[in-house]
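First the structure, in the form of structure tokens, and then the observations on it.
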Amino acid sequence: MSTQVIVLIVIGVVALLFILMYNSLVKLRMLVQEAWSGIEVFLKKRHDLIPNLVEIVKGYAEHEKSVFKEVTEARSKAISASTTEGKAEAEKALSNAMLHLNAVVESYPDLKANTNFLQLQSQLTEIEDNIESARRYYNGTVREQNTAIQTFPKNIVAGMFGFRTSPFFELENPAERAVPQVKF
């Protein structure tokens with residue numbers, strides 16, 4: 001075999017490897033975008049459900065206007081956020097506002113027995129579970145993409161073609177970290 005044939009084979013193999021790495025990075029980017037889309041579907045459902053829940057609670061707790069205002073403002077910010085980081089922050093604020101709304105609900109036993117309220121609360125719980133699952137899927141695809149972008153040799157291809165890492169979507173509330181207290 002001549003040197004030219006060997007060089008052509010090596011160039012062909014290197015080109016094939018670059019193509020395979022590029023395609024795998026594109027696939028990971030698409031998976032991240034798909035996962036984010038799934039989160040947005042559930043967030044929209046959540047945003048659509050919250051006003052109905054607030055209206056029912058308003059009927060029972062007219063003097064709790066600051067809580068209703070907080071939930072309404074947090075929901076508006078969550079809807080209008082455009083970046084992943086902005087949405088994560090806005091959703092964190094909305095989750096905190098919903099914790100305050102739930103605290104108000106605890107003060108009204110009649111409200112907790114209202115059929116419409118119970119149904120909306122059940123739907124909201126289901127949506128929250130779906131958001132959690134979608135968030136785990138999204139964060140898993142982001143982990144895979146970010147790992148590929150940052151490890152050799154794909155980091156070379158990623159740098160050449162402008163692939164960037166994606167942010168994780170975290171919605172931790174300080175209340176989620178607190179140790180629950182059990183009282184008898």
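Identifiers for the structure tokens are assigned positionally: chains receive A, B, ... in sequence, residues are indexed from 1 per chain, and ligands are indexed from 1 in the order shown.
The residue set within 10 Å of Ser166 in chain A, counting only C-alpha atoms and dropping same-chain residues fewer than 4 places from it, reads A:Arg29, A:Val32, A:Gln33, A:Thr84, A:Glu85, A:Asn139, A:Thr141, A:Val142, A:Arg143, A:Gln145, A:Asn146.
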Write to file, as an mmCIF file, in the first residue's frame, the residues of the selection just made, with N, CA, C and O atoms.
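Output saved as part31.cif:
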```cif
data_model
loop_
_atom_site.group_PDB
_atom_site.id
_atom_site.type_symbol
_atom_site.label_atom_id
_atom_site.label_comp_id
_atom_site.auth_asym_id
_atom_site.auth_seq_id
_atom_site.Cartn_x
_atom_site.Cartn_y
_atom_site.Cartn_z
ATOM 1 N N ARG A 29 -28.636 17.196 21.729
ATOM 2 C CA ARG A 29 -29.260 18.521 21.767
ATOM 3 C C ARG A 29 -30.764 18.417 21.517
ATOM 4 O O ARG A 29 -31.570 19.065 22.178
ATOM 5 N N VAL A 32 -32.516 17.100 24.620
ATOM 6 C CA VAL A 32 -32.664 18.162 25.627
ATOM 7 C C VAL A 32 -33.831 19.072 25.258
ATOM 8 O O VAL A 32 -34.658 19.417 26.101
ATOM 9 N N GLN A 33 -33.920 19.443 23.990
ATOM 10 C CA GLN A 33 -35.022 20.310 23.558
ATOM 11 C C GLN A 33 -36.365 19.600 23.714
ATOM 12 O O GLN A 33 -37.349 20.219 24.139
ATOM 13 N N THR A 84 -34.393 29.262 30.231
ATOM 14 C CA THR A 84 -34.460 28.139 31.164
ATOM 15 C C THR A 84 -34.170 28.612 32.580
ATOM 16 O O THR A 84 -34.886 28.266 33.517
ATOM 17 N N GLU A 85 -33.142 29.439 32.738
ATOM 18 C CA GLU A 85 -32.803 29.948 34.058
ATOM 19 C C GLU A 85 -33.925 30.815 34.603
ATOM 20 O O GLU A 85 -34.285 30.719 35.776
ATOM 21 N N ASN A 139 -33.246 16.813 33.101
ATOM 22 C CA ASN A 139 -31.935 16.912 33.742
ATOM 23 C C ASN A 139 -31.039 15.733 33.359
ATOM 24 O O ASN A 139 -29.825 15.896 33.217
ATOM 25 N N THR A 141 -31.126 14.190 30.378
ATOM 26 C CA THR A 141 -30.646 14.457 29.013
ATOM 27 C C THR A 141 -29.616 15.586 29.020
ATOM 28 O O THR A 141 -28.649 15.534 28.260
ATOM 29 N N VAL A 142 -29.804 16.569 29.891
ATOM 30 C CA VAL A 142 -28.812 17.651 30.011
ATOM 31 C C VAL A 142 -27.485 17.090 30.517
ATOM 32 O O VAL A 142 -26.425 17.439 30.009
ATOM 33 N N ARG A 143 -27.561 16.181 31.499
ATOM 34 C CA ARG A 143 -26.336 15.567 32.027
ATOM 35 C C ARG A 143 -25.587 14.835 30.914
ATOM 36 O O ARG A 143 -24.372 14.992 30.761
ATOM 37 N N GLN A 145 -25.834 15.301 27.632
ATOM 38 C CA GLN A 145 -25.323 16.266 26.651
ATOM 39 C C GLN A 145 -24.098 16.993 27.200
ATOM 40 O O GLN A 145 -23.083 17.108 26.514
ATOM 41 N N ASN A 146 -24.203 17.505 28.417
ATOM 42 C CA ASN A 146 -23.090 18.267 28.985
ATOM 43 C C ASN A 146 -21.844 17.403 29.160
ATOM 44 O O ASN A 146 -20.726 17.874 28.930
#
```
When DSSP is applied to the backbone of this structure, which of chain A are assigned helix (DSSP H, G or I)? Write them out as a compact mmCIF listing (two decimals) with C-alpha atoms, in the first residue's frame.
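Output below, filename states03.txt:
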```txt
# COMPACT_ATOMS: atom_id res chain seq x y z
CA THR A 3 1.56 6.23 1.57
CA GLN A 4 -1.16 8.17 -0.23
CA VAL A 5 -3.70 5.38 0.23
CA ILE A 6 -2.85 5.09 3.93
CA VAL A 7 -3.21 8.87 4.35
CA LEU A 8 -6.57 8.81 2.55
CA ILE A 9 -7.78 5.96 4.76
CA VAL A 10 -6.68 7.79 7.91
CA ILE A 11 -8.38 11.00 6.72
CA GLY A 12 -11.52 9.03 5.90
CA VAL A 13 -11.58 7.37 9.33
CA VAL A 14 -11.01 10.70 11.10
CA ALA A 15 -13.76 12.34 9.01
CA LEU A 16 -16.12 9.46 9.81
CA LEU A 17 -15.35 9.79 13.53
CA PHE A 18 -16.02 13.54 13.39
CA ILE A 19 -19.33 12.93 11.60
CA LEU A 20 -20.37 10.32 14.17
CA MET A 21 -19.44 12.59 17.09
CA TYR A 22 -21.23 15.56 15.51
CA ASN A 23 -24.36 13.50 14.91
CA SER A 24 -24.38 12.20 18.48
CA LEU A 25 -24.09 15.78 19.80
CA VAL A 26 -27.00 16.86 17.58
CA LYS A 27 -29.05 13.92 18.86
CA LEU A 28 -28.33 14.89 22.48
CA ARG A 29 -29.26 18.52 21.77
CA MET A 30 -32.57 17.37 20.29
CA LEU A 31 -33.26 15.18 23.32
CA VAL A 32 -32.66 18.16 25.63
CA GLN A 33 -35.02 20.31 23.56
CA GLU A 34 -37.65 17.56 23.57
CA ALA A 35 -37.33 17.16 27.33
CA TRP A 36 -37.68 20.91 27.85
CA SER A 37 -40.78 20.90 25.68
CA GLY A 38 -42.30 18.23 27.94
CA ILE A 39 -41.66 20.38 31.00
CA GLU A 40 -43.29 23.36 29.31
CA VAL A 41 -46.46 21.36 28.58
CA PHE A 42 -46.88 20.50 32.26
CA LEU A 43 -45.98 24.02 33.38
CA LYS A 44 -48.72 25.40 31.11
CA LYS A 45 -51.23 22.98 32.60
CA ARG A 46 -50.12 24.11 36.05
CA HIS A 47 -50.43 27.77 35.09
CA ASP A 48 -53.92 27.17 33.70
CA LEU A 49 -55.10 25.36 36.83
CA ILE A 50 -53.83 27.81 39.43
CA PRO A 51 -56.35 30.65 38.74
CA ASN A 52 -59.26 28.24 39.30
CA LEU A 53 -57.75 27.09 42.57
CA VAL A 54 -57.17 30.67 43.68
CA GLU A 55 -60.78 31.64 42.87
CA ILE A 56 -62.16 28.82 44.99
CA VAL A 57 -59.91 29.72 47.92
CA LYS A 58 -60.81 33.41 47.52
CA GLY A 59 -64.43 32.57 48.15
CA TYR A 60 -63.52 31.14 51.55
CA LYS A 65 -55.56 39.13 49.59
CA SER A 66 -51.78 39.34 49.90
CA VAL A 67 -51.47 35.59 49.33
CA PHE A 68 -53.70 35.74 46.24
CA LYS A 69 -51.70 38.66 44.89
CA GLU A 70 -48.44 36.78 45.49
CA VAL A 71 -49.70 33.69 43.65
CA THR A 72 -51.09 35.74 40.76
CA GLU A 73 -47.87 37.74 40.34
CA ALA A 74 -45.69 34.64 40.60
CA ARG A 75 -47.83 32.88 37.98
CA SER A 76 -47.54 35.86 35.60
CA LYS A 77 -43.77 35.90 35.98
CA ALA A 78 -43.60 32.15 35.41
CA ILE A 79 -45.64 32.44 32.21
CA SER A 80 -43.59 35.32 30.84
CA THR A 84 -34.46 28.14 31.16
CA GLU A 85 -32.80 29.95 34.06
CA GLY A 86 -35.59 32.54 34.18
CA LYS A 87 -38.28 29.87 34.11
CA ALA A 88 -36.55 27.93 36.89
CA GLU A 89 -36.41 31.02 39.11
CA ALA A 90 -40.00 32.01 38.31
CA GLU A 91 -41.24 28.48 38.97
CA LYS A 92 -39.39 28.44 42.27
CA ALA A 93 -41.20 31.65 43.27
CA LEU A 94 -44.52 30.19 42.10
CA SER A 95 -43.94 27.04 44.17
CA ASN A 96 -43.25 29.20 47.23
CA ALA A 97 -46.43 31.20 46.59
CA MET A 98 -48.39 27.98 46.30
CA LEU A 99 -46.98 26.89 49.68
CA HIS A 100 -48.42 30.10 51.15
CA LEU A 101 -51.76 29.41 49.47
CA ASN A 102 -51.79 25.90 50.92
CA ALA A 103 -51.10 27.36 54.36
CA VAL A 104 -54.23 29.52 53.95
CA VAL A 105 -56.22 26.45 52.92
CA GLU A 106 -55.24 24.71 56.16
CA PRO A 109 -61.76 23.17 57.11
CA ASP A 110 -64.87 23.81 54.97
CA LEU A 111 -62.66 24.63 52.01
CA LYS A 112 -60.66 21.42 52.43
CA ALA A 113 -63.94 19.50 52.12
CA THR A 115 -65.50 18.97 46.08
CA ASN A 116 -64.32 21.47 43.45
CA PHE A 117 -61.32 22.40 45.55
CA LEU A 118 -60.43 18.76 46.18
CA GLN A 119 -60.66 17.97 42.48
CA LEU A 120 -58.46 20.94 41.51
CA GLN A 121 -56.00 20.10 44.25
CA SER A 122 -55.84 16.50 43.00
CA GLN A 123 -55.21 17.71 39.44
CA LEU A 124 -52.51 20.08 40.68
CA THR A 125 -50.83 17.26 42.60
CA GLU A 126 -50.87 15.10 39.48
CA ILE A 127 -49.39 17.92 37.41
CA GLU A 128 -46.69 18.53 40.04
CA ASP A 129 -45.79 14.82 39.83
CA ASN A 130 -45.64 15.06 36.03
CA ILE A 131 -43.43 18.16 36.26
CA GLU A 132 -41.11 16.31 38.62
CA SER A 133 -40.85 13.35 36.21
CA ALA A 134 -40.32 15.63 33.21
CA ARG A 135 -37.71 17.59 35.15
CA ARG A 136 -35.83 14.38 35.98
CA TYR A 137 -35.90 13.35 32.30
CA TYR A 138 -34.75 16.81 31.19
CA ASN A 139 -31.94 16.91 33.74
CA GLY A 140 -30.84 13.42 32.66
CA THR A 141 -30.65 14.46 29.01
CA VAL A 142 -28.81 17.65 30.01
CA ARG A 143 -26.34 15.57 32.03
CA GLU A 144 -25.70 13.31 29.02
CA GLN A 145 -25.32 16.27 26.65
CA ASN A 146 -23.09 18.27 28.98
CA THR A 147 -20.90 15.23 29.66
CA ALA A 148 -20.48 14.60 25.94
CA ILE A 149 -19.68 18.26 25.25
CA GLN A 150 -17.06 18.38 27.99
CA LYS A 154 -16.23 15.19 21.57
CA ASN A 155 -15.25 18.46 23.25
CA ILE A 156 -13.17 19.24 20.17
CA VAL A 157 -16.11 18.68 17.81
CA ALA A 158 -18.46 20.53 20.19
CA GLY A 159 -16.11 23.52 20.29
CA MET A 160 -15.70 23.56 16.52
CA PRO A 174 -36.17 25.83 51.16
CA ALA A 175 -39.25 24.04 52.56
CA GLU A 176 -38.33 20.90 50.60
CA ARG A 177 -34.99 20.76 52.41
```
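CA of Phe152 in chain A to CA of Glu170 in chain A spans 27.3 Å [interatomic distance, one decimal].
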